[in-house]
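Asker: Attaching a single structure in structure tokens format; questions to follow.
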2 protein chains.
Amino acid sequence: MADSRTPRSADGLGSSSPAPAVTRAAAVLDALAEAPSGRLTLSDLSRELGIPKSSTSNLLLALEEARLITREGADFSLGRKLVELGAAYLSRLDEVQEFYKFCEQAPTLSGETVRIAMIDGDHIIYLARYEGHPAVRLTSNIGDKMPLSLSAVGKVLLAQLHDHDIEEMFPDDVELPVMTPKSLRSAAELKSQVLAIRKQGYALEDEESTLGVVCLAVPVPTHGAHGPSLGLSVTALKATFSEEQAALMVKELKELAHSLGNPMG
Amino acid sequence: MADSRTPRSADGLGSSSPAPAVTRAAAVLDALAEAPSGRLTLSDLSRELGIPKSSTSNLLLALEEARLITREGADFSLGRKLVELGAAYLSRLDEVQEFYKFCEQAPTLSGETVRIAMIDGDHIIYLARYEGHPAVRLTSNIGDKMPLSLSAVGKVLLAQLHDHDIEEMFPDDVELPVMTPKSLRSAAELKSQVLAIRKQGYALEDEESTLGVVCLAVPVPTHGAHGPSLGLSVTALKATFSEEQAALMVKELKELAHSLGNPMG
DNA sequence: GGTATTTGTTCAGTGGATTGAACAAGCGTG
DNA sequence: CACGCTTGTTCAATCCACTGAACAAATACC
């Protein structure tokens with residue numbers, strides 16, 4: 001995806017880490033996750049990360065022993081243990097369990113495609129998905145990432161941040177990722193939407209990531225010191241999307257958000 | 001879960017690793033994943049893993065910087081990046097995509113709860129789940145682990161291993177995990193089932209992990225050097241379970257297994 | 001409140017992980 | 001086939017990450 005000639009800054013000289021081997025190991029995992037084919041050789045990794053071959057070899061051996069990666073001939077790829085660990089993370093989120101229960105019972109939402117997502121750096125990451133309507137199946141999966149500016153959940157979570165954080169992430173001259181002709185182009189446009197979202201209490205994505213598809217999202221109020229903020233979204237086909245339906249969905253989404261934000265809802 | 005007084009063998013003196021810091025970091029992740037609450041302090045980890053506090057501190061700093069863990073006050077827990085990495089692993093498995101498609105169209109399976117799993121050390125790990133029948137919702141999730149002897153998929157995948165591997169994993173005096181009165185108790189019992197499974201081509205789990213629930217499983221033939229073997233299973237309520245239905249489900253499971261084993265099915 | 005315990009951070013010395021060069025083995029090319 | 005090129009492993013010297021003890025700060029206990 002990125003220019004494979006450019007060595008990463010993950011390591012090398014730049015940042016000094018209290019445990020360099022760990023930082024480099026994490027960089028290896030990242031590189032494998034981002035590699036289009038998912039497989040890289042020792043030399044690939046050594047070159048791309050700027051780590052000497054002999055060191056890379058040691059890292060890979062240790063990672064393999066921990067089953068965080070797998071070797072297949074000369075190729076390395078991510079290991080199954082990562083699925084375990086990711087699942088362990090998700091299993092601790094009570095919100096996910098309640099999310100499913102609520103969706104099943106909600107009059108309108110129960111027939112729609114609903115997702116719960118979390119902010120993660122400059123992206124959002126989908127944590128769970130409820131599919132009431134098998135007619136519209138999303139291609140995105142649990143764990144997938146999405147730029148903030150391209151999704152309703154991203155925008156609604158962005159709107160919850162402080163202004164100076166937003167300014168830092170999206171300076172006026174930043175170039176936003178574009179996926180459709182309707183994707184937001186400028187930081188100014190994004191920021192004006194943020195203001196509107198704060199007033200409305202929900203965000204709308206109108207074919208900005210996929211043509212023909214619209215999305216509504218609301219934030220989950222963070223109750224106390226309980227980690228990063230969550231967001232909820234409904235996805236629908238633009239063709240079958242009406243104002244009244246939207247109002248109903250937003251109403252139910254807000255109910256769900258409220259019950260997630262206040263335990264024992 | 002385990003005796004928290006017992007320090008782990010993950011590190012300490014035993015095995016020398018080519019990159020100890022990485023091995024220890026992996027041990028930290030494991031410890032966090034297995035901790036009942038999912039949160040541990042620096043001292044907890046230092047004590048449990050037998051790593052000096054100062055070293056543990058460095059490890060945690062590096063892990064946090066890589067977002068593999070999160071700090072919340074004095075408590076550390078798994079980080080969101082692990083969900084990303086786990087998802088990246090799953091997204092590379094074409095089998096999962098095809099699994100969903102097939103289940104939707106299969107006459108019998110489309111109404112059942114079907115799962116695809118993979119062998120992972122001495123456990124199986126669930127990779128994906130199709131739920132045609134919201135009536136019976138499983139509590140287990142993607143990424144969850146299960147002992148081999150307690151699940152139909154586990155037994156069917158075990159049956160695919162060589163005899164000496166089985167003997168190594170289950171010596172005659174081994175104590176099997178028990179979850180219900182019907183769980184297998186002895187290695188001998190397990191091995192005799194393995195022989196039967198090899199003849200039949202499928203495995204049955206009869207309330208061995210959950211009372212009232214039965215499970216059927218078939219192996220996915222491994223096509224070439226493509227990693228570890230997969231297995232498929234259907235879960236049903238014992239109350240509504242008939243011989244004819246079982247025959248149909250095994251038939252469709254085998255079709256699915258065949259199409260997963262032979263690309264372009 | 002005073003004591004005792006535990007928790008997390010700081011820091012200089014040292015032992016072992018890291019490294020680069022040299023090696024052998026594989027791969028494509030002319 | 002001989003040649004260059006790349007790949008992954010080996011190994012001794014060096015440097016730096018790890019350590020343990022000593023510190024400060026918070027918590028538990030009586």
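By convention in this document, the chains of the structure tokens carry letters A, B, ... by their order, each chain's residues are numbered from 1, and ligands are numbered from 1 in the order they are shown.
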For chain C versus segment 26-46 of chain B, which residues have an atom no more than 10 Å away, and what is each residue's nearest atom pair and distance in Å rounded to one decimal, using only C-alpha atoms (C1' of nucleotides), chain-then-number order, as a Markdown table?

Answerer:
```
| residue | atom | partner | partner_atom | distance |
| --- | --- | --- | --- | --- |
| C:DT6 | C1' | B:Ser43 | CA | 9.1 |
| C:DT7 | C1' | B:Ser43 | CA | 7.2 |
| C:DG8 | C1' | B:Leu42 | CA | 7.9 |
```

Asker: Could you give me, as JSON, numbers by chain, the residues within 12 Å of segment 7-11 of chain D, counting only C-alpha atoms (C1' of nucleotides) and dropping anything in the same chain fewer than 5 positions from it?

Answerer: {"A": [41, 42, 43, 44, 46, 52, 53, 54, 55, 56, 57, 58, 73, 74, 75], "C": [19, 20, 21, 22, 23, 24, 25, 26, 27]}

Asker: How would the residues just chosen look if you wrote them out with N, CA, C and O atoms (P, O5', C5', C4', C3', O3' and C1' of nucleotides) as a CSV table (one decimal), in the first residue's frame?

Answerer:
```csv
chain,number,residue,atom,x,y,z
A,41,THR,N,9.0,-11.7,4.4
A,41,THR,CA,10.2,-12.6,4.7
A,41,THR,C,11.1,-11.8,5.7
A,41,THR,O,10.8,-10.6,5.9
A,42,LEU,N,12.0,-12.5,6.2
A,42,LEU,CA,13.0,-11.8,7.1
A,42,LEU,C,13.6,-10.6,6.5
A,42,LEU,O,13.6,-9.5,7.1
A,43,SER,N,14.0,-10.7,5.3
A,43,SER,CA,14.7,-9.6,4.6
A,43,SER,C,13.7,-8.5,4.4
A,43,SER,O,14.1,-7.3,4.5
A,44,ASP,N,12.5,-8.8,3.9
A,44,ASP,CA,11.5,-7.7,3.8
A,44,ASP,C,11.4,-6.9,5.1
A,44,ASP,O,11.5,-5.7,5.0
A,46,SER,N,13.4,-6.7,7.7
A,46,SER,CA,14.6,-6.1,8.0
A,46,SER,C,14.8,-4.8,7.2
A,46,SER,O,15.1,-3.7,7.7
A,52,PRO,N,18.7,-4.5,11.5
A,52,PRO,CA,19.7,-5.5,11.0
A,52,PRO,C,19.1,-6.9,10.9
A,52,PRO,O,18.3,-7.3,11.7
A,53,LYS,N,19.5,-7.6,9.9
A,53,LYS,CA,19.0,-8.9,9.7
A,53,LYS,C,19.1,-9.8,10.9
A,53,LYS,O,18.2,-10.5,11.2
A,54,SER,N,20.3,-9.8,11.5
A,54,SER,CA,20.5,-10.7,12.6
A,54,SER,C,19.6,-10.4,13.7
A,54,SER,O,19.0,-11.3,14.3
A,55,SER,N,19.4,-9.1,14.0
A,55,SER,CA,18.4,-8.8,15.0
A,55,SER,C,17.0,-9.2,14.7
A,55,SER,O,16.3,-9.7,15.5
A,56,THR,N,16.7,-8.9,13.4
A,56,THR,CA,15.3,-9.3,13.0
A,56,THR,C,15.1,-10.8,13.2
A,56,THR,O,14.0,-11.2,13.6
A,57,SER,N,16.1,-11.5,12.8
A,57,SER,CA,16.0,-13.0,13.0
A,57,SER,C,15.7,-13.3,14.4
A,57,SER,O,14.8,-14.2,14.7
A,58,ASN,N,16.4,-12.7,15.3
A,58,ASN,CA,16.1,-13.0,16.8
A,58,ASN,C,14.7,-12.6,17.1
A,58,ASN,O,14.0,-13.4,17.8
A,73,GLY,N,7.5,-21.7,5.7
A,73,GLY,CA,8.6,-21.7,4.8
A,73,GLY,C,9.5,-20.5,5.2
A,73,GLY,O,10.0,-20.3,6.3
A,74,ALA,N,9.6,-19.6,4.2
A,74,ALA,CA,10.4,-18.4,4.5
A,74,ALA,C,9.5,-17.2,4.8
A,74,ALA,O,10.1,-16.1,5.2
A,75,ASP,N,8.2,-17.4,4.7
A,75,ASP,CA,7.3,-16.3,5.0
A,75,ASP,C,6.8,-16.2,6.4
A,75,ASP,O,6.5,-17.3,7.0
C,19,DT,P,20.5,-4.2,16.9
C,19,DT,O5',21.9,-4.4,16.3
C,19,DT,C5',23.0,-3.6,16.8
C,19,DT,C4',24.3,-4.0,16.2
C,19,DT,C3',24.3,-4.2,14.7
C,19,DT,O3',25.3,-3.4,14.1
C,19,DT,C1',25.3,-6.0,15.8
C,20,DG,P,25.0,-2.4,13.0
C,20,DG,O5',26.2,-2.8,11.9
C,20,DG,C5',27.5,-2.7,12.4
C,20,DG,C4',28.4,-3.8,11.9
C,20,DG,C3',28.3,-4.0,10.4
C,20,DG,O3',29.7,-4.1,9.9
C,20,DG,C1',28.0,-6.1,11.5
C,21,DA,P,30.0,-3.8,8.4
C,21,DA,O5',31.2,-4.8,8.2
C,21,DA,C5',32.0,-5.3,9.3
C,21,DA,C4',32.3,-6.7,9.2
C,21,DA,C3',32.5,-7.3,7.8
C,21,DA,O3',33.6,-8.1,7.8
C,21,DA,C1',30.8,-8.6,8.9
C,22,DA,P,34.2,-8.5,6.4
C,22,DA,O5',34.3,-10.1,6.5
C,22,DA,C5',34.5,-10.7,7.8
C,22,DA,C4',33.8,-12.1,7.8
C,22,DA,C3',34.0,-12.9,6.4
C,22,DA,O3',34.3,-14.2,6.7
C,22,DA,C1',31.7,-12.8,7.1
C,23,DC,P,34.6,-15.2,5.5
C,23,DC,O5',33.3,-16.2,5.5
C,23,DC,C5',33.1,-17.1,6.5
C,23,DC,C4',31.8,-17.8,6.4
C,23,DC,C3',31.6,-18.6,5.1
C,23,DC,O3',31.6,-20.0,5.4
C,23,DC,C1',29.7,-17.2,5.6
C,24,DA,P,31.7,-21.0,4.1
C,24,DA,O5',30.2,-21.4,3.9
C,24,DA,C5',29.4,-21.8,5.0
C,24,DA,C4',27.9,-21.9,4.6
C,24,DA,C3',27.7,-22.8,3.3
C,24,DA,O3',26.5,-23.5,3.5
C,24,DA,C1',26.9,-20.6,3.0
C,25,DA,P,26.2,-24.8,2.6
C,25,DA,O5',24.7,-24.5,2.1
C,25,DA,C5',23.8,-23.8,2.9
C,25,DA,C4',22.8,-23.1,2.1
C,25,DA,C3',22.4,-23.8,0.8
C,25,DA,O3',21.0,-23.9,0.6
C,25,DA,C1',22.9,-21.5,0.4
C,26,DG,P,20.3,-24.7,-0.5
C,26,DG,O5',19.5,-23.6,-1.3
C,26,DG,C5',18.5,-22.8,-0.6
C,26,DG,C4',18.2,-21.6,-1.4
C,26,DG,C3',17.6,-21.8,-2.8
C,26,DG,O3',16.4,-21.1,-3.0
C,26,DG,C1',19.4,-20.3,-3.0
C,27,DC,P,15.4,-21.5,-4.1
C,27,DC,O5',15.5,-20.3,-5.1
C,27,DC,C5',15.8,-19.0,-4.6
C,27,DC,C4',16.1,-18.0,-5.8
C,27,DC,C3',15.6,-18.4,-7.1
C,27,DC,O3',14.8,-17.4,-7.7
C,27,DC,C1',17.9,-17.7,-7.2
```

Asker: Using only C-alpha atoms, find each residue in chain A having at least one atom no more than 6 Å away from chain B; report its shortest atom-to-atom pair and that distance in Å (one decimal), rows by chain then rising number, as a tab-separated table.

Answerer:
```
residue	atom	partner	partner_atom	distance
A:Pro18	CA	B:Asn58	CA	5.2
A:Ala19	CA	B:Ala62	CA	5.8
A:Val22	CA	B:Val22	CA	5.3
A:Thr23	CA	B:Ala62	CA	5.9
A:Ala33	CA	B:Ala88	CA	5.6
A:Asn58	CA	B:Pro18	CA	5.2
A:Leu59	CA	B:Ala19	CA	5.9
A:Ala62	CA	B:Ala19	CA	5.8
A:Leu78	CA	B:Tyr89	CA	5.9
A:Leu82	CA	B:Gly86	CA	4.7
A:Val83	CA	B:Gly86	CA	4.1
A:Glu84	CA	B:Gly143	CA	4.8
A:Gly86	CA	B:Val83	CA	4.1
A:Ala87	CA	B:Gly143	CA	4.9
A:Ala88	CA	B:Ala33	CA	5.6
A:Tyr89	CA	B:Leu78	CA	5.9
A:Gly143	CA	B:Glu84	CA	4.9
```

Asker: Applying 8 Å and only C-alpha atoms (C1' of nucleotides), which residues near segment 170-183 of chain B remain after dropping the ones on its own chain fewer than 2 positions away? List them as a ChimeraX atom specification.

Answerer: /B:147,149-150,166-168,185-188,206-211

Asker: Would you put the residues from that selection into a file with C-alpha atoms, as a tab-separated table (two decimals), in the first residue's frame?

Answerer:
```tsv
chain	number	residue	atom	x	y	z
B	147	PRO	CA	-10.15	-27.79	25.25
B	149	SER	CA	-11.55	-33.13	24.49
B	150	LEU	CA	-14.64	-31.08	25.26
B	166	ILE	CA	-2.13	-37.67	20.21
B	167	GLU	CA	-0.25	-39.96	22.55
B	168	GLU	CA	2.06	-37.11	23.46
B	185	ARG	CA	-12.91	-38.58	31.76
B	186	SER	CA	-10.09	-40.74	30.50
B	187	ALA	CA	-7.59	-40.51	27.68
B	188	ALA	CA	-8.55	-44.05	26.70
B	206	ASP	CA	-23.28	-35.14	23.43
B	207	GLU	CA	-23.73	-32.62	26.26
B	208	GLU	CA	-20.04	-32.91	27.09
B	209	SER	CA	-19.49	-29.19	27.45
B	210	THR	CA	-23.02	-27.91	28.07
B	211	LEU	CA	-26.02	-29.87	29.27
```

Asker: Looking only at strand (DSSP E or B) from DSSP on the backbone, list the matching residues of segment 53-237 of chain B as a ChimeraX atom specification.

Answerer: /B:69-72,75-78,113-120,123-131,145-147,203-206,213-220,230-237

Asker: Could you work out how far atom CA of Ala117 of chain A lies from atom CA of Pro219 of chain A, giving the answer in Å with one decimal?

Answerer: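 Pair atom CA of Pro219 of chain A / atom CA of Ala117 of chain A returns 9.6 Å.
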
Asker: I want to know what sits within 12 Å of DG4 of chain D, based on only C-alpha atoms (C1' of nucleotides), with residues of the same chain fewer than 6 positions away left out; could you give that as a ChimeraX atom specification?

Answerer: /C:27-30

Asker: Using all heavy atoms, can you export the residues from the last selection as a PDB file, in the first residue's frame?

Answerer:
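The resulting file, part.pdb, is shown below:
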```
ATOM      1  P    DC C  27      15.378 -21.493  -4.131  1.00  0.00           P
ATOM      2  OP1  DC C  27      14.025 -21.450  -3.544  1.00  0.00           O
ATOM      3  OP2  DC C  27      15.876 -22.708  -4.805  1.00  0.00           O
ATOM      4  O5'  DC C  27      15.532 -20.270  -5.148  1.00  0.00           O
ATOM      5  C5'  DC C  27      15.825 -18.993  -4.639  1.00  0.00           C
ATOM      6  C4'  DC C  27      16.075 -18.001  -5.754  1.00  0.00           C
ATOM      7  O4'  DC C  27      17.493 -17.769  -5.885  1.00  0.00           O
ATOM      8  C3'  DC C  27      15.595 -18.438  -7.143  1.00  0.00           C
ATOM      9  O3'  DC C  27      14.797 -17.417  -7.703  1.00  0.00           O
ATOM     10  C2'  DC C  27      16.868 -18.662  -7.936  1.00  0.00           C
ATOM     11  C1'  DC C  27      17.860 -17.747  -7.233  1.00  0.00           C
ATOM     12  N1   DC C  27      19.274 -18.202  -7.324  1.00  0.00           N
ATOM     13  C2   DC C  27      20.284 -17.291  -7.653  1.00  0.00           C
ATOM     14  O2   DC C  27      19.984 -16.119  -7.874  1.00  0.00           O
ATOM     15  N3   DC C  27      21.574 -17.724  -7.721  1.00  0.00           N
ATOM     16  C4   DC C  27      21.867 -19.002  -7.472  1.00  0.00           C
ATOM     17  N4   DC C  27      23.141 -19.378  -7.540  1.00  0.00           N
ATOM     18  C5   DC C  27      20.844 -19.946  -7.131  1.00  0.00           C
ATOM     19  C6   DC C  27      19.572 -19.510  -7.073  1.00  0.00           C
ATOM     20  P    DG C  28      13.813 -17.708  -8.928  1.00  0.00           P
ATOM     21  OP1  DG C  28      12.483 -17.176  -8.576  1.00  0.00           O
ATOM     22  OP2  DG C  28      13.965 -19.121  -9.320  1.00  0.00           O
ATOM     23  O5'  DG C  28      14.421 -16.795 -10.096  1.00  0.00           O
ATOM     24  C5'  DG C  28      14.495 -15.391  -9.907  1.00  0.00           C
ATOM     25  C4'  DG C  28      15.670 -14.819 -10.669  1.00  0.00           C
ATOM     26  O4'  DG C  28      16.878 -15.537 -10.327  1.00  0.00           O
ATOM     27  C3'  DG C  28      15.540 -14.890 -12.201  1.00  0.00           C
ATOM     28  O3'  DG C  28      15.638 -13.578 -12.708  1.00  0.00           O
ATOM     29  C2'  DG C  28      16.701 -15.789 -12.640  1.00  0.00           C
ATOM     30  C1'  DG C  28      17.688 -15.640 -11.484  1.00  0.00           C
ATOM     31  N9   DG C  28      18.586 -16.774 -11.293  1.00  0.00           N
ATOM     32  C8   DG C  28      18.236 -18.081 -11.015  1.00  0.00           C
ATOM     33  N7   DG C  28      19.255 -18.876 -10.871  1.00  0.00           N
ATOM     34  C5   DG C  28      20.366 -18.058 -11.074  1.00  0.00           C
ATOM     35  C6   DG C  28      21.749 -18.366 -11.045  1.00  0.00           C
ATOM     36  O6   DG C  28      22.283 -19.454 -10.836  1.00  0.00           O
ATOM     37  N1   DG C  28      22.527 -17.227 -11.300  1.00  0.00           N
ATOM     38  C2   DG C  28      22.037 -15.970 -11.552  1.00  0.00           C
ATOM     39  N2   DG C  28      22.941 -15.014 -11.779  1.00  0.00           N
ATOM     40  N3   DG C  28      20.744 -15.664 -11.582  1.00  0.00           N
ATOM     41  C4   DG C  28      19.968 -16.756 -11.333  1.00  0.00           C
ATOM     42  P    DT C  29      15.287 -13.242 -14.199  1.00  0.00           P
ATOM     43  OP1  DT C  29      14.135 -12.361 -14.209  1.00  0.00           O
ATOM     44  OP2  DT C  29      15.259 -14.527 -14.929  1.00  0.00           O
ATOM     45  O5'  DT C  29      16.572 -12.425 -14.664  1.00  0.00           O
ATOM     46  C5'  DT C  29      17.762 -12.559 -13.872  1.00  0.00           C
ATOM     47  C4'  DT C  29      18.971 -12.351 -14.759  1.00  0.00           C
ATOM     48  O4'  DT C  29      19.965 -13.364 -14.453  1.00  0.00           O
ATOM     49  C3'  DT C  29      18.704 -12.470 -16.256  1.00  0.00           C
ATOM     50  O3'  DT C  29      19.391 -11.452 -16.944  1.00  0.00           O
ATOM     51  C2'  DT C  29      19.231 -13.853 -16.606  1.00  0.00           C
ATOM     52  C1'  DT C  29      20.365 -14.037 -15.614  1.00  0.00           C
ATOM     53  N1   DT C  29      20.623 -15.451 -15.223  1.00  0.00           N
ATOM     54  C2   DT C  29      21.913 -15.856 -15.006  1.00  0.00           C
ATOM     55  O2   DT C  29      22.876 -15.116 -15.103  1.00  0.00           O
ATOM     56  N3   DT C  29      22.046 -17.179 -14.649  1.00  0.00           N
ATOM     57  C4   DT C  29      21.034 -18.104 -14.505  1.00  0.00           C
ATOM     58  O4   DT C  29      21.274 -19.267 -14.189  1.00  0.00           O
ATOM     59  C5   DT C  29      19.705 -17.614 -14.756  1.00  0.00           C
ATOM     60  C7   DT C  29      18.530 -18.526 -14.620  1.00  0.00           C
ATOM     61  C6   DT C  29      19.554 -16.324 -15.099  1.00  0.00           C
ATOM     62  P    DG C  30      19.099 -11.189 -18.467  1.00  0.00           P
ATOM     63  OP1  DG C  30      18.704  -9.773 -18.580  1.00  0.00           O
ATOM     64  OP2  DG C  30      18.208 -12.259 -18.954  1.00  0.00           O
ATOM     65  O5'  DG C  30      20.524 -11.365 -19.148  1.00  0.00           O
ATOM     66  C5'  DG C  30      21.674 -10.788 -18.539  1.00  0.00           C
ATOM     67  C4'  DG C  30      22.917 -11.521 -19.006  1.00  0.00           C
ATOM     68  O4'  DG C  30      22.919 -12.863 -18.434  1.00  0.00           O
ATOM     69  C3'  DG C  30      23.013 -11.697 -20.514  1.00  0.00           C
ATOM     70  O3'  DG C  30      24.334 -11.411 -20.947  1.00  0.00           O
ATOM     71  C2'  DG C  30      22.676 -13.162 -20.735  1.00  0.00           C
ATOM     72  C1'  DG C  30      23.182 -13.805 -19.459  1.00  0.00           C
ATOM     73  N9   DG C  30      22.500 -15.045 -19.096  1.00  0.00           N
ATOM     74  C8   DG C  30      21.143 -15.299 -19.156  1.00  0.00           C
ATOM     75  N7   DG C  30      20.823 -16.497 -18.757  1.00  0.00           N
ATOM     76  C5   DG C  30      22.038 -17.076 -18.398  1.00  0.00           C
ATOM     77  C6   DG C  30      22.308 -18.371 -17.886  1.00  0.00           C
ATOM     78  O6   DG C  30      21.525 -19.291 -17.646  1.00  0.00           O
ATOM     79  N1   DG C  30      23.683 -18.539 -17.666  1.00  0.00           N
ATOM     80  C2   DG C  30      24.640 -17.593 -17.890  1.00  0.00           C
ATOM     81  N2   DG C  30      25.890 -17.936 -17.615  1.00  0.00           N
ATOM     82  N3   DG C  30      24.392 -16.381 -18.380  1.00  0.00           N
ATOM     83  C4   DG C  30      23.077 -16.195 -18.596  1.00  0.00           C
TER      84       DG C  30
END
```

Asker: Considering only C-alpha atoms (C1' of nucleotides), return as a PyMOL selection string whatever protein or nucleic-acid residues lie within 10 Å of segment 153-155 of chain B, sequence-local ones (same chain, fewer than 2 positions apart) excluded.

Answerer: chain B and resi 115-120+122-126+146-151+157-160+190-191+193-194+197+202-205+215-219+230-234

Asker: DSSP says helix (DSSP H, G or I) for which residues of segment 150-197 of chain A? Put them as an NGL selection string?

Answerer: :A and (150 or 152-158 or 163-169 or 187-197)

Asker: State, in Å with one decimal place, the distance from atom CA of Asp94 of chain B to atom CA of Lys251 of chain B.

Answerer: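 Computed distance, atom CA of Asp94 of chain B to atom CA of Lys251 of chain B, equals 22.1 Å.
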
Asker: Please identify every residue of chain D that has at least one atom no more than 10 Å from any atom of chain B, counting only C-alpha atoms (C1' of nucleotides), and report them as a list in words.

Answerer: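 Selected residues: DA17, DC18, DT19 and DG20 of chain D.
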